[in-house]
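Peer 1: Below are the structure tokens for one structure; questions will follow.
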Amino acid sequence: MSLDVPTAVLEAAERREMDDAQFLAVVRDSLPYAWEVVSAAAADRTGDKPFGEHEVPPPSESERGQLLRALASTSIRGALERHFGVVLAFQNCHRVAAFAPAAVDSEIYREFISPRGQILNQSPELRDC
């Protein structure tokens, strides 16, 4: 799944003049489902919860592809984290968590990203994702 890059943004990148806002607009417009998922996870961070999350399976393989594209790309993921002020964590093919940057060294974060956390988040219906 490629990003749909407008000519003006491509030209700005070639001149080394592209900024995060331009890049984020490309991501938002090219990967709208992924943008919605990350936005929802970030918005789900409320006072008493250790992290926000989104764990609804994507409605189709196209949406799943968008999510995987966004979270597998270091530059896209980093831009999303900067924009939403979170650190993203990812399990399976659709569980996205948004942690406060200060929580990255916390026990809850370490547990979420651990092999044990991944195994405990498995179920038969997730095995084909």
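Identifiers in this document derive from the order of the structure tokens: chains are assigned A, B, ..., residues are numbered from 1 separately in each chain, and ligands are numbered from 1 in order of occurrence.
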Can you check which residues of chain A DSSP gives as alpha helix (DSSP H) on the backbone and send them as a PyMOL selection string?

Peer 2: chain A and resi 7-14+20-30+32-43+61-72+74-84+107-113+115-120

Peer 1: Extract, using only C-alpha atoms, all DNA, RNA and protein residues at most 9 Å from Ala103 in chain A, discarding same-chain residues fewer than 5 positions from it, and format them as a list of chain:residue names.

Peer 2: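 Those residues are A:Pro50, A:Phe51, A:Val87, A:Ile108, A:Tyr109.
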
Peer 1: Go ahead and save the picked residues with N, CA and C atoms, as a PDB file, in the first residue's frame.

Peer 2:
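Output (again18.pdb):
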```pdb
ATOM      1  N   PRO A  50      -4.301   3.374  32.184  1.00  0.00           N
ATOM      2  CA  PRO A  50      -2.855   3.478  31.955  1.00  0.00           C
ATOM      3  C   PRO A  50      -2.500   3.759  30.494  1.00  0.00           C
ATOM      4  N   PHE A  51      -3.415   3.439  29.571  1.00  0.00           N
ATOM      5  CA  PHE A  51      -3.191   3.711  28.157  1.00  0.00           C
ATOM      6  C   PHE A  51      -4.529   3.688  27.429  1.00  0.00           C
ATOM      7  N   VAL A  87       3.138   7.325  22.601  1.00  0.00           N
ATOM      8  CA  VAL A  87       3.995   6.258  22.108  1.00  0.00           C
ATOM      9  C   VAL A  87       3.063   5.103  21.785  1.00  0.00           C
ATOM     10  N   ILE A 108       3.457  -1.472  33.128  1.00  0.00           N
ATOM     11  CA  ILE A 108       2.318  -1.745  32.240  1.00  0.00           C
ATOM     12  C   ILE A 108       2.762  -1.724  30.781  1.00  0.00           C
ATOM     13  N   TYR A 109       3.572  -0.753  30.405  1.00  0.00           N
ATOM     14  CA  TYR A 109       4.072  -0.691  29.028  1.00  0.00           C
ATOM     15  C   TYR A 109       4.947  -1.906  28.727  1.00  0.00           C
TER      16      TYR A 109
END
```

Peer 1: Please return as a PyMOL selection string: the residues of range 5-108 of chain A that backbone DSSP assigns to strand (DSSP E).

Peer 2: chain A and resi 52-54+87-91+95-99

Peer 1: With C-alpha atoms retained, could you export that selection as a PDB file, in the first residue's frame?

Peer 2:
```
ATOM      1  CA  GLY A  52      -5.728   4.305  25.430  1.00  0.00           C
ATOM      2  CA  GLU A  53      -6.483   1.552  22.989  1.00  0.00           C
ATOM      3  CA  HIS A  54      -8.360   0.466  19.908  1.00  0.00           C
ATOM      4  CA  VAL A  87       3.995   6.258  22.108  1.00  0.00           C
ATOM      5  CA  LEU A  88       2.226   3.577  20.117  1.00  0.00           C
ATOM      6  CA  ALA A  89       2.362  -0.127  20.880  1.00  0.00           C
ATOM      7  CA  PHE A  90       0.887  -2.823  18.667  1.00  0.00           C
ATOM      8  CA  GLN A  91      -0.248  -6.418  19.161  1.00  0.00           C
ATOM      9  CA  ARG A  95      -4.733  -3.951  18.803  1.00  0.00           C
ATOM     10  CA  VAL A  96      -3.233  -0.483  19.050  1.00  0.00           C
ATOM     11  CA  ALA A  97      -2.323   1.105  22.377  1.00  0.00           C
ATOM     12  CA  ALA A  98      -1.411   4.741  22.967  1.00  0.00           C
ATOM     13  CA  PHE A  99       0.797   5.361  25.983  1.00  0.00           C
TER      14      PHE A  99
END
```

Peer 1: Here is a test: counting only C-alpha atoms, which residue of A:Cys93, A:Ala72, A:Ala41, A:Ala13 is nearest to Ser60 in chain A?

Peer 2: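 Selected residue with least distance to Ser60 in chain A: A:Cys93.
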
Peer 1: Using only C-alpha atoms, what table do you get, as a Markdown table, when you list each residue of range 53-117 of chain A with an atom no more than 10 Å from range 18-39 of chain A, its nearest pair of atoms, and their distance in Å rounded to one decimal, rows by chain then rising number?

Peer 2:
```
| residue | atom | partner | partner_atom | distance |
| --- | --- | --- | --- | --- |
| A:Glu53 | CA | A:Val38 | CA | 8.4 |
| A:His54 | CA | A:Val37 | CA | 6.3 |
| A:Glu55 | CA | A:Val37 | CA | 8.7 |
| A:Val56 | CA | A:Val37 | CA | 8.9 |
| A:Pro58 | CA | A:Tyr33 | CA | 8.4 |
| A:Pro59 | CA | A:Tyr33 | CA | 9.7 |
| A:Ser62 | CA | A:Tyr33 | CA | 9.1 |
| A:Glu63 | CA | A:Tyr33 | CA | 5.9 |
| A:Arg64 | CA | A:Ala34 | CA | 8.3 |
| A:Gly65 | CA | A:Ala34 | CA | 8.8 |
| A:Gln66 | CA | A:Leu31 | CA | 5.4 |
| A:Leu67 | CA | A:Ala34 | CA | 4.6 |
| A:Leu68 | CA | A:Ala34 | CA | 8.2 |
| A:Arg69 | CA | A:Leu31 | CA | 8.4 |
| A:Ala70 | CA | A:Ala34 | CA | 6.5 |
| A:Leu71 | CA | A:Ala34 | CA | 8.5 |
| A:Ser75 | CA | A:Phe23 | CA | 9.4 |
| A:Ile76 | CA | A:Val27 | CA | 7.2 |
| A:Arg77 | CA | A:Val38 | CA | 9.7 |
| A:Ala79 | CA | A:Asp20 | CA | 6.8 |
| A:Leu80 | CA | A:Leu24 | CA | 7.4 |
| A:Glu81 | CA | A:Val38 | CA | 8.9 |
| A:Arg82 | CA | A:Asp20 | CA | 9.0 |
| A:His83 | CA | A:Leu24 | CA | 8.1 |
| A:Phe84 | CA | A:Ser39 | CA | 7.3 |
| A:Val86 | CA | A:Val38 | CA | 9.7 |
| A:Leu88 | CA | A:Val38 | CA | 8.2 |
| A:His94 | CA | A:Val37 | CA | 8.9 |
| A:Arg95 | CA | A:Val37 | CA | 9.3 |
| A:Val96 | CA | A:Val38 | CA | 7.1 |
| A:Ala97 | CA | A:Val38 | CA | 8.2 |
| A:Ala98 | CA | A:Val38 | CA | 7.7 |
```

Peer 1: Generate the output file for the selected residues, N, CA, C and O atoms, as a short mmCIF file (atom, residue, chain, number, x, y, z; two decimals), in the first residue's frame.

Peer 2:
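Output file result20.cif follows:
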```
data_model
loop_
_atom_site.label_atom_id
_atom_site.label_comp_id
_atom_site.auth_asym_id
_atom_site.auth_seq_id
_atom_site.Cartn_x
_atom_site.Cartn_y
_atom_site.Cartn_z
N GLU A 53 -6.64 2.63 23.95
CA GLU A 53 -6.48 1.55 22.99
C GLU A 53 -7.64 1.48 22.01
O GLU A 53 -8.71 2.03 22.23
N HIS A 54 -7.37 0.79 20.93
CA HIS A 54 -8.36 0.47 19.91
C HIS A 54 -8.11 -0.98 19.56
O HIS A 54 -7.00 -1.35 19.18
N GLU A 55 -9.12 -1.83 19.71
CA GLU A 55 -8.91 -3.24 19.42
C GLU A 55 -10.03 -3.86 18.61
O GLU A 55 -10.24 -5.07 18.64
N VAL A 56 -10.73 -3.04 17.84
CA VAL A 56 -11.76 -3.56 16.95
C VAL A 56 -11.09 -4.03 15.66
O VAL A 56 -10.32 -3.28 15.06
N PRO A 58 -10.20 -4.68 11.90
CA PRO A 58 -10.49 -3.90 10.70
C PRO A 58 -11.63 -4.57 9.90
O PRO A 58 -11.73 -5.80 9.87
N PRO A 59 -12.46 -3.77 9.24
CA PRO A 59 -13.58 -4.33 8.50
C PRO A 59 -13.19 -5.09 7.23
O PRO A 59 -13.98 -5.88 6.72
N SER A 62 -8.22 -4.36 3.21
CA SER A 62 -7.71 -3.05 2.81
C SER A 62 -7.41 -2.20 4.05
O SER A 62 -6.34 -1.58 4.15
N GLU A 63 -8.34 -2.16 4.98
CA GLU A 63 -8.13 -1.39 6.21
C GLU A 63 -7.02 -2.01 7.05
O GLU A 63 -6.21 -1.31 7.63
N ARG A 64 -6.97 -3.34 7.10
CA ARG A 64 -5.89 -4.00 7.84
C ARG A 64 -4.54 -3.60 7.23
O ARG A 64 -3.57 -3.32 7.92
N GLY A 65 -4.47 -3.56 5.91
CA GLY A 65 -3.24 -3.15 5.23
C GLY A 65 -2.84 -1.73 5.59
O GLY A 65 -1.65 -1.44 5.77
N GLN A 66 -3.82 -0.83 5.68
CA GLN A 66 -3.51 0.55 6.07
C GLN A 66 -2.89 0.59 7.47
O GLN A 66 -1.89 1.30 7.70
N LEU A 67 -3.48 -0.15 8.38
CA LEU A 67 -2.99 -0.14 9.76
C LEU A 67 -1.58 -0.73 9.84
O LEU A 67 -0.69 -0.16 10.48
N LEU A 68 -1.37 -1.84 9.15
CA LEU A 68 -0.03 -2.44 9.16
C LEU A 68 0.98 -1.51 8.52
O LEU A 68 2.12 -1.38 8.99
N ARG A 69 0.61 -0.85 7.44
CA ARG A 69 1.51 0.09 6.76
C ARG A 69 1.91 1.22 7.70
O ARG A 69 3.08 1.58 7.80
N ALA A 70 0.93 1.78 8.39
CA ALA A 70 1.21 2.91 9.28
C ALA A 70 2.10 2.52 10.45
O ALA A 70 3.03 3.25 10.81
N LEU A 71 1.84 1.36 11.04
CA LEU A 71 2.58 0.99 12.24
C LEU A 71 3.91 0.30 11.94
O LEU A 71 4.79 0.26 12.80
N SER A 75 8.93 6.00 9.88
CA SER A 75 8.65 7.43 9.68
C SER A 75 7.18 7.75 9.90
O SER A 75 6.86 8.78 10.51
N ILE A 76 6.28 6.88 9.45
CA ILE A 76 4.85 7.14 9.64
C ILE A 76 4.50 7.02 11.12
O ILE A 76 3.85 7.90 11.69
N ARG A 77 4.94 5.96 11.73
CA ARG A 77 4.65 5.75 13.15
C ARG A 77 5.20 6.90 13.99
O ARG A 77 4.53 7.42 14.88
N ALA A 79 5.81 10.00 13.07
CA ALA A 79 5.03 11.22 12.83
C ALA A 79 3.70 11.16 13.57
O ALA A 79 3.25 12.16 14.15
N LEU A 80 3.06 10.00 13.56
CA LEU A 80 1.80 9.84 14.29
C LEU A 80 2.01 10.02 15.79
O LEU A 80 1.22 10.69 16.46
N GLU A 81 3.08 9.45 16.30
CA GLU A 81 3.37 9.60 17.73
C GLU A 81 3.62 11.06 18.09
O GLU A 81 3.11 11.54 19.11
N ARG A 82 4.38 11.75 17.28
CA ARG A 82 4.63 13.18 17.56
C ARG A 82 3.34 13.98 17.49
O ARG A 82 3.07 14.84 18.34
N HIS A 83 2.53 13.71 16.48
CA HIS A 83 1.29 14.47 16.28
C HIS A 83 0.32 14.26 17.45
O HIS A 83 -0.28 15.22 17.94
N PHE A 84 0.14 13.02 17.87
CA PHE A 84 -0.83 12.72 18.92
C PHE A 84 -0.23 12.76 20.33
O PHE A 84 -0.95 12.62 21.32
N VAL A 86 1.87 10.64 21.82
CA VAL A 86 1.82 9.32 22.45
C VAL A 86 2.98 8.46 21.96
O VAL A 86 3.67 8.82 21.01
N LEU A 88 3.12 4.64 20.55
CA LEU A 88 2.23 3.58 20.12
C LEU A 88 2.84 2.21 20.38
O LEU A 88 4.04 2.02 20.26
N HIS A 94 -4.30 -5.81 14.95
CA HIS A 94 -5.19 -4.67 15.08
C HIS A 94 -5.24 -4.01 16.46
O HIS A 94 -5.84 -2.96 16.60
N ARG A 95 -4.65 -4.57 17.48
CA ARG A 95 -4.73 -3.95 18.80
C ARG A 95 -3.67 -2.87 18.92
O ARG A 95 -2.48 -3.15 18.98
N VAL A 96 -4.12 -1.63 18.97
CA VAL A 96 -3.23 -0.48 19.05
C VAL A 96 -3.41 0.17 20.42
O VAL A 96 -4.54 0.43 20.84
N ALA A 97 -2.30 0.42 21.09
CA ALA A 97 -2.32 1.11 22.38
C ALA A 97 -1.56 2.41 22.25
O ALA A 97 -0.56 2.50 21.54
N ALA A 98 -2.05 3.42 22.95
CA ALA A 98 -1.41 4.74 22.97
C ALA A 98 -1.02 5.06 24.41
O ALA A 98 -1.89 5.24 25.27
#
```
